[in-house]
Amino acid sequence: MAGSYMKMTISDSIEFDDLQGLFRFGFGRLTETCFMLLGIADVDAAKQWLAKVEPGNAVSVAPPPDTALQIAFSVQGLRVLGVRESVVEGFSDEFIVGMSGDESRSRRLGDIGDSAPEQWDWGGGDTEVPHVLLMLYAGDGKIEDWRRSVQTAQFSQAFRLLRQLPTLYIGPIEPFGFPDGISQPDIDWGSEQSTDLHERDRYSNRLAIGEVVLGYRNEYGLYTDRPLIDAGSDADAAHLPDAEDLPGLKDFGRNGSYLVLRQLKQDVPGFWRFVDEAAGSVPEARETLAAAMVGRDLNGRPLVSPDTPGVPGEGPANDFTYDQDPAGHRCPIGAHIRRSNPRNGDFPAGVTGLLSRLIKILGFGQNRADEDLIASTRFHRLLRRGRSYGPVLEPEEALGPDPPAAERGLQFICLVASISRQFEFVQNAWSMSSRFGGVQNESDPLLGHRAPLTSGEPTDQFNQQVPMGPVRKTCHLPRFVTVRGGGYFFMPGIRALRYIAAVRVNAGDNQ
Ligand code: HEM
């Protein structure tokens with residue numbers, strides 16, 4: 001759901017001091033991380049610790065701190081800490097049910113076979129549900145001291161460490177070797193850009209705050225649903241921010257968001273061996289095919305416009321669209337970055353006039369194969385905040401006779417105001433779907449599970465569109481990425497965190 005109606009007169013000024021810093025900074029400078037999944041062992045001790053803990057906020061300070069702590073909760077964690085069921089019900093269904101809580105969701109996310117929740121190391125099957133996700137960040141060589149200083153006696157009484165997730169900084173690349181973290185939405189912190197449908201025919205990287213932070217206007221100009229509390233019936237809610245759209249109610253979601261975490265294991269030797277074989281063991285052809293699968297080359301240059309200069313200090317180019325390459329001749333339609341952000345405006349080229357706009361908004365009137373599912377990118381953006389794990393393995397080393405064995409992958413993290421409209425839509429309709437933008441029999445070349453459809457149609461191809469020639473097909477792609485764990489968390493604003501710490505267990509309607 002897009003959310004409730006709002007009044008255009010209300011100010012959207014962002015409260016950086018109430019927002020956890022991860023939204024704004026990503027903490028790229030803090031290369032060392034420690035991600036902990038915690039169970040609550042002692043509710044009172046946990047509440048006392050939560051009342052005092054200081055997550056780094058989003059206020060910009062000079063020099064920036066060299067450590068940071070960020071915190072998020074699963075729905076089970078909120079319940080154990082006493083958040084009332086009437087409040088929990090205000091969260092989205094997918095958060096309440098959980099990433100692995102329903103078989104049809106797992107199927108839609110592509111979590112089948114080796115990636116099925118029953119196979120996960122955490123977050124699925126019989127594994128203990130984490131209550132809290134604690135993320136520590138520190139500069140070079142500082143993480144152990146930082147971790148020790150956070151893990152006080154009270155902390156150890158309050159929480160049980162269920163799992164410390166592996167992370168390892170290997171430079172600004174992901175384990176296959178491609179530069180990562182280049183493209184991010186440019187959050188419109190000043191609420192300067194119109195969200196009016198009529199003014200957004202073209203792609204813009206600017207995104208309304210409400211797409212990644214709850215309690216602010218989203219790209220529909222509305223407020224995404226989140227728990228609102230009547231302070232009259234809950235004294236603990238007095239210090240929560242007011243709901244902008246519904247004065248009189250307290251906004252438990254404001255300055256918070258959903259955090260999606262997936263541990264994705266990458267088969268680095270498998271990836272490079274497959275690509276090498278498909279390219280006839282010609283090094284340049286190998287790199288060309290791998291780049292086609294990603295949509296950027298090993299230097300991060302976008303295939304659709306490799307000559308666009310990067311921004312000094314910010315890395316490779318990101319100011320491009322696929323408008324000049326509708327047939328996928330320069331960047332294949334099914335490349336990972338083209339599937340995960342097709343960079344289009346609200347209407348396919350050539351749609352003008354009120355009636356045809358209305359027809360498109362309602363999803364009718366599709367007359368070109370490439371119009372399926374790829375309109376209106378701005379409603380499906382993700383703020384990615386993941387970290388890699390496992391030691392570096394260069395492509396040449398991966399192709400050697402005995403590449404050093406180790407698990408490598410990505411702790412994929414994204415922040416979104418709507419799990420279903422943003423993360424699940426991208427994962428399901430764009431990454432996993434075997435039909436996308438007019439191509440078929442393939443899914444995301446990096447992420448796909450490769451299982452055939454129930455109709456028997458294959459999904460394990462990768463097609464490169466070629467000018468004046470037949471599509472260049474690469475067949476029988478194996479699975480390169482396997483899900484090892486995952487969960488949906490709520491990353492609260494700092495006042496909402498204090499509410500969680502203060503709310504009295506059994507005070508309300510939890511029984
Ligand atoms: C192990 C798994 C993955 C790998 C190796 C991977 C790799 C990459 C690489 C190399 C880029 C290009 C660099 C950049 O623009 O930052 C990229 C971009 C991106 N990826 Fe992934 N990715 C993975 C999983 C995912 C998942 C699960 C999603 C979402 C469901 C996702 C969504 C995106 C998005 C939205 C972009 C930016 C596209 C753009 O704006 O141009 N990725 N990824």
# chains A, B, ... in the order shown; residues from 1 in each chain; ligands from 1
>>> closest_atom_pairs(of="chain A", to="ligand 1", cutoff="7 Å", atoms="only C-alpha atoms and all ligand atoms", output="CSV")
residue,atom,partner,partner_atom_place_in_ligand_line,distance
A:Glu174,CA,ligand 1,5 (C),5.8
A:Pro175,CA,ligand 1,5 (C),6.7
A:Phe176,CA,ligand 1,5 (C),6.3
A:Phe178,CA,ligand 1,10 (C),4.7
A:Pro179,CA,ligand 1,10 (C),5.6
A:Asp180,CA,ligand 1,13 (C),3.9
A:Gly181,CA,ligand 1,16 (O),3.5
A:Ile182,CA,ligand 1,16 (O),3.6
A:Ser183,CA,ligand 1,15 (O),3.9
A:Gln184,CA,ligand 1,40 (O),6.1
A:Leu264,CA,ligand 1,1 (C),5.2
A:Lys265,CA,ligand 1,1 (C),6.5
A:Gln266,CA,ligand 1,1 (C),5.7
A:Val294,CA,ligand 1,10 (C),6.0
A:Arg296,CA,ligand 1,12 (C),6.4
A:Gly300,CA,ligand 1,13 (C),6.6
A:His336,CA,ligand 1,43 (N),6.6
A:Ile337,CA,ligand 1,38 (C),4.2
A:Arg338,CA,ligand 1,41 (O),6.3
A:Ser340,CA,ligand 1,35 (C),4.5
A:Asn341,CA,ligand 1,39 (C),4.8
A:Arg381,CA,ligand 1,35 (C),6.6
A:Leu382,CA,ligand 1,35 (C),5.8
A:Gly409,CA,ligand 1,1 (C),5.8
A:Leu410,CA,ligand 1,1 (C),5.2
A:Phe412,CA,ligand 1,27 (C),6.4
A:Phe423,CA,ligand 1,30 (C),5.8
A:Val426,CA,ligand 1,30 (C),5.4
A:Gln427,CA,ligand 1,30 (C),4.2
A:Ser431,CA,ligand 1,30 (C),6.7
A:Leu446,CA,ligand 1,5 (C),6.5
A:Leu447,CA,ligand 1,2 (C),6.2
A:Val481,CA,ligand 1,1 (C),5.8
>>> residues_around(residues="Arg29 (chain A)", least_positions_apart="4", cutoff="12 Å", atoms="only C-alpha atoms", output="list of chain:residue names")
A:Phe25, A:Thr33, A:Pro63, A:Pro64, A:Pro65, A:Asp66, A:Thr67, A:Ala68, A:Tyr137, A:Ala138, A:Gly139, A:Asp140, A:Tyr169, A:Gly171, A:Pro172
>>> closest_atom_pairs(of="region 447-499 of chain A", to="region 36-47 of chain A", cutoff="10 Å", atoms="only C-alpha atoms", output="Markdown table")
| residue | atom | partner | partner_atom | distance |
| --- | --- | --- | --- | --- |
| A:Leu497 | CA | A:Lys47 | CA | 9.9 |
| A:Arg498 | CA | A:Lys47 | CA | 9.0 |
| A:Tyr499 | CA | A:Lys47 | CA | 9.9 |
>>> select_by_dssp(residues="region 39-90 of chain A", states="alpha helix (DSSP H)", output="MDAnalysis selection string")
chainID A and resid 43:52 75:80 85:88
>>> atom_distance(atom1="CA of Arg472 (chain A)", atom2="CA of Phe320 (chain A)")
24.6 Å
